Amino acid sequence: MDLKFKLIKESSGARLGEFETKWGKHKTPMFMPVGTQATVKTLSPEELKDAHSDIILSNTYHLWLRPGEDIIDKAGGLHEFMNYKTGPILTDCGGFQVFSLAKPKDISEEGVKFKSHLDGSSLFLTPEKSIEVQNKLGADIIMSFDECPPYPVTHEYMENSVLRTLRWAQRGRSVHSKSDTQALFGIVQGGEFEDLRRLSAIKTSEMDFDGYSVGGVSVGEDAETKYKMIEYATAHLPKDKIRYLMGVGDPVDIVEGVIRGIDLFDCVLPTRLARHGNAFTRDGKINLRNAKFKEDFSVIDNECDCYACKNFTKAYIRHLLTADESFGQRLVSIHNIRFLTKLVEDIREAIDNDRILEFREEFINRYKKK
RNA sequence: GCACCAUUGGUGAAGUGGUUAACACGGCAGAUUGUGGUUCUGUUAUGCGUCGGUUCGAUCCCGACAUGGUGUC
């Protein structure tokens, strides 16, 4: 399915864009919270909407195992099943999960053999199977099944991996049965190697997917390497298609990614950090469980318009977190998601005003000062 | 009054005549990037009720005292 991506403006490498799904028009750069098991942990669809989140990511591997794609299909698809009716859903292919569960010897050209994290049973996932499951889940955007190599690996290893991911992309594409309603993305790999990122980007683009993901980033490399990986990939991707940087969501990384031509981000960070008591603020990340907030009756961020910041103090939220009350995790999740949706709103405005580089300077100086 | 038992960190407690007093919880801090829904890592008693004694050396043995518990007149 064509997402009708429109590149509205390009400024200092950053792109202001728009794409369309049956849920409406969506502005990029955009951030997606992660709802692995058909829920963004602790949050209702209403709360997501209130936090200005217009799209979520869910996961093929987890839903395939439980409750199973057939049940979700019978429910009428993911949107119906989880009653998320305000925006698009993107499903990850499951590769990332499967590779973390597989032994090297169990990775073959055919697919990946691995053990279920639920009951230890032996399972096999192939590029075709991943697409079939995603077809049944019914997300608006689905991912090709890619190989997710560890970091670091040799150039030779990575080259073979990139070539295999290309073959897998072709195989998945050939069984994609819902191309009228589901957009399919190809994934660029290649690690930190410029020639392999280029090869991967060019060859994947030749397959003419509805959008392109940049994978294998933020896997343990240093910041400089991370940003190069992104540049090497986006340099060779078509300008008229959307680009999605998989799994990256640190606020600074989002800004740096945008400047390197990324349109779409997803990350578990806002919700995972929230569950562990950490909140994003313009002045850096804070740990709300810290004793210094015991009697701090101010809000997390008085510039924030989220439900938590409009109604509750840090002292109260700290109490909830310390007492293991789920409402505390929910409030911080709402805040962290709103922080990132506001960040991309500000980024879009900065691109529109041709001041994204100044924005980066100001944002990073304040976020990292401490 | 007498007899017996007990006394270890914020809590529950283990332990030994000899360098750093186990473990758990709690506390304090850190981590987290295509999800670990309560995770991971680090740290947290210069001291074993008090005062003496024995000993090269005592939280551990002995005595007195303090506090608590049980039994008994």
# chains A, B, ... in the order shown; residues from 1 in each chain; ligands from 1
>>> interface_residues(of="chain B", to="chain A", cutoff="6 Å", atoms="only C-alpha atoms (C1' of nucleotides)", output="count of residues only")
3
>>> residues_around(residues="U43 (chain B)", least_positions_apart="3", cutoff="12 Å", atoms="only C-alpha atoms (C1' of nucleotides)", output="list in words")
G27, C28, A29 and G30 of chain B
>>> atom_distance(atom1="CA of Ser121 (chain A)", atom2="CA of Asp73 (chain A)")
23.6 Å
>>> atom_distance(atom1="C1' of U46 (chain B)", atom2="C1' of A58 (chain B)")
15.9 Å
>>> select_by_dssp(residues="region 44-280 of chain A", states="alpha helix (DSSP H)", output="PyMOL selection string")
chain A and resi 45-50+60-65+69-75+78-81+95-101+127-137+155-175+194-206+223-234+251-259+269-275
>>> write_last_selection(atoms="C-alpha atoms", output="short mmCIF file (atom, residue, chain, number, x, y, z; two decimals), in the first residue's frame")
data_model
loop_
_atom_site.label_atom_id
_atom_site.label_comp_id
_atom_site.auth_asym_id
_atom_site.auth_seq_id
_atom_site.Cartn_x
_atom_site.Cartn_y
_atom_site.Cartn_z
CA PRO A 45 -5.66 4.09 23.83
CA GLU A 46 -7.31 7.25 25.22
CA GLU A 47 -4.23 8.05 27.28
CA LEU A 48 -2.03 7.57 24.21
CA LYS A 49 -4.19 9.94 22.22
CA ASP A 50 -4.09 12.51 25.03
CA THR A 60 4.94 -10.10 15.46
CA TYR A 61 6.93 -12.51 17.58
CA HIS A 62 5.02 -11.86 20.80
CA LEU A 63 1.57 -11.88 19.21
CA TRP A 64 2.36 -14.94 17.11
CA LEU A 65 3.12 -16.87 20.32
CA GLU A 69 -2.43 -14.40 14.87
CA ASP A 70 -5.60 -16.38 14.16
CA ILE A 71 -7.34 -15.05 17.24
CA ILE A 72 -6.42 -11.49 16.34
CA ASP A 73 -7.57 -12.14 12.78
CA LYS A 74 -10.91 -13.42 14.09
CA ALA A 75 -11.23 -10.33 16.30
CA LEU A 78 -5.14 -5.62 15.79
CA HIS A 79 -7.01 -2.31 15.73
CA GLU A 80 -10.28 -4.02 16.61
CA PHE A 81 -8.72 -6.46 19.04
CA GLY A 95 13.55 -10.70 13.86
CA PHE A 96 15.00 -8.72 16.71
CA GLN A 97 13.38 -11.02 19.30
CA VAL A 98 14.09 -14.26 17.48
CA PHE A 99 17.78 -13.48 17.02
CA SER A 100 18.13 -12.79 20.71
CA LEU A 101 16.74 -16.27 21.43
CA PRO A 127 10.71 -14.50 6.15
CA GLU A 128 7.51 -15.90 4.64
CA LYS A 129 6.03 -16.88 7.99
CA SER A 130 6.74 -13.44 9.47
CA ILE A 131 4.86 -11.76 6.62
CA GLU A 132 1.99 -14.26 6.83
CA VAL A 133 1.60 -13.57 10.53
CA GLN A 134 1.78 -9.83 9.95
CA ASN A 135 -0.84 -10.10 7.21
CA LYS A 136 -3.19 -11.66 9.73
CA LEU A 137 -2.37 -9.19 12.49
CA HIS A 155 33.09 -7.17 7.50
CA GLU A 156 32.82 -10.62 5.93
CA TYR A 157 30.15 -11.74 8.39
CA MET A 158 28.20 -8.54 7.90
CA GLU A 159 28.41 -8.76 4.12
CA ASN A 160 26.90 -12.24 4.14
CA SER A 161 24.27 -11.05 6.56
CA VAL A 162 23.34 -8.07 4.38
CA LEU A 163 23.03 -10.28 1.31
CA ARG A 164 20.87 -12.74 3.22
CA THR A 165 18.63 -9.94 4.48
CA LEU A 166 18.17 -8.86 0.85
CA ARG A 167 17.15 -12.38 -0.18
CA TRP A 168 14.82 -12.59 2.82
CA ALA A 169 13.26 -9.24 1.89
CA GLN A 170 12.52 -10.60 -1.57
CA ARG A 171 11.03 -13.79 -0.18
CA GLY A 172 8.80 -11.93 2.26
CA ARG A 173 7.68 -9.55 -0.40
CA SER A 174 6.66 -12.36 -2.71
CA VAL A 175 4.16 -13.74 -0.18
CA GLU A 194 29.93 2.32 4.87
CA ASP A 195 30.16 0.11 1.77
CA LEU A 196 27.74 -2.44 3.23
CA ARG A 197 25.23 0.18 4.35
CA ARG A 198 25.41 1.62 0.83
CA LEU A 199 25.01 -1.79 -0.77
CA SER A 200 22.12 -2.64 1.52
CA ALA A 201 20.37 0.70 0.98
CA ILE A 202 20.73 0.62 -2.81
CA LYS A 203 19.73 -3.01 -3.26
CA THR A 204 16.80 -2.71 -0.87
CA SER A 205 15.62 0.44 -2.65
CA GLU A 206 15.70 -1.39 -5.97
CA ALA A 223 27.62 7.59 19.60
CA GLU A 224 29.89 8.61 16.73
CA THR A 225 29.60 5.18 15.10
CA LYS A 226 25.85 5.17 15.64
CA TYR A 227 25.36 8.43 13.78
CA LYS A 228 27.61 7.29 10.95
CA MET A 229 25.56 4.10 10.55
CA ILE A 230 22.49 6.26 10.03
CA GLU A 231 24.21 8.60 7.57
CA TYR A 232 25.65 5.75 5.53
CA ALA A 233 22.15 4.34 5.10
CA THR A 234 20.07 7.46 4.46
CA PRO A 251 15.91 12.23 22.88
CA VAL A 252 19.37 13.23 21.68
CA ASP A 253 19.46 10.34 19.19
CA ILE A 254 16.11 11.42 17.78
CA VAL A 255 17.40 14.91 17.10
CA GLU A 256 20.60 13.53 15.59
CA GLY A 257 18.61 11.04 13.52
CA VAL A 258 16.34 13.72 12.13
CA ILE A 259 19.34 15.73 10.98
CA LEU A 269 12.70 3.82 26.25
CA PRO A 270 9.91 6.19 27.35
CA THR A 271 7.76 3.40 28.78
CA ARG A 272 10.53 1.20 30.14
CA LEU A 273 12.28 4.12 31.82
CA ALA A 274 8.93 5.20 33.22
CA ARG A 275 8.32 1.82 34.82
#
>>> select_by_dssp(residues="region 189-362 of chain A", states="strand (DSSP E)", output="ChimeraX atom specification")
/A:211-214,242-245,264-267,278-281,284-287
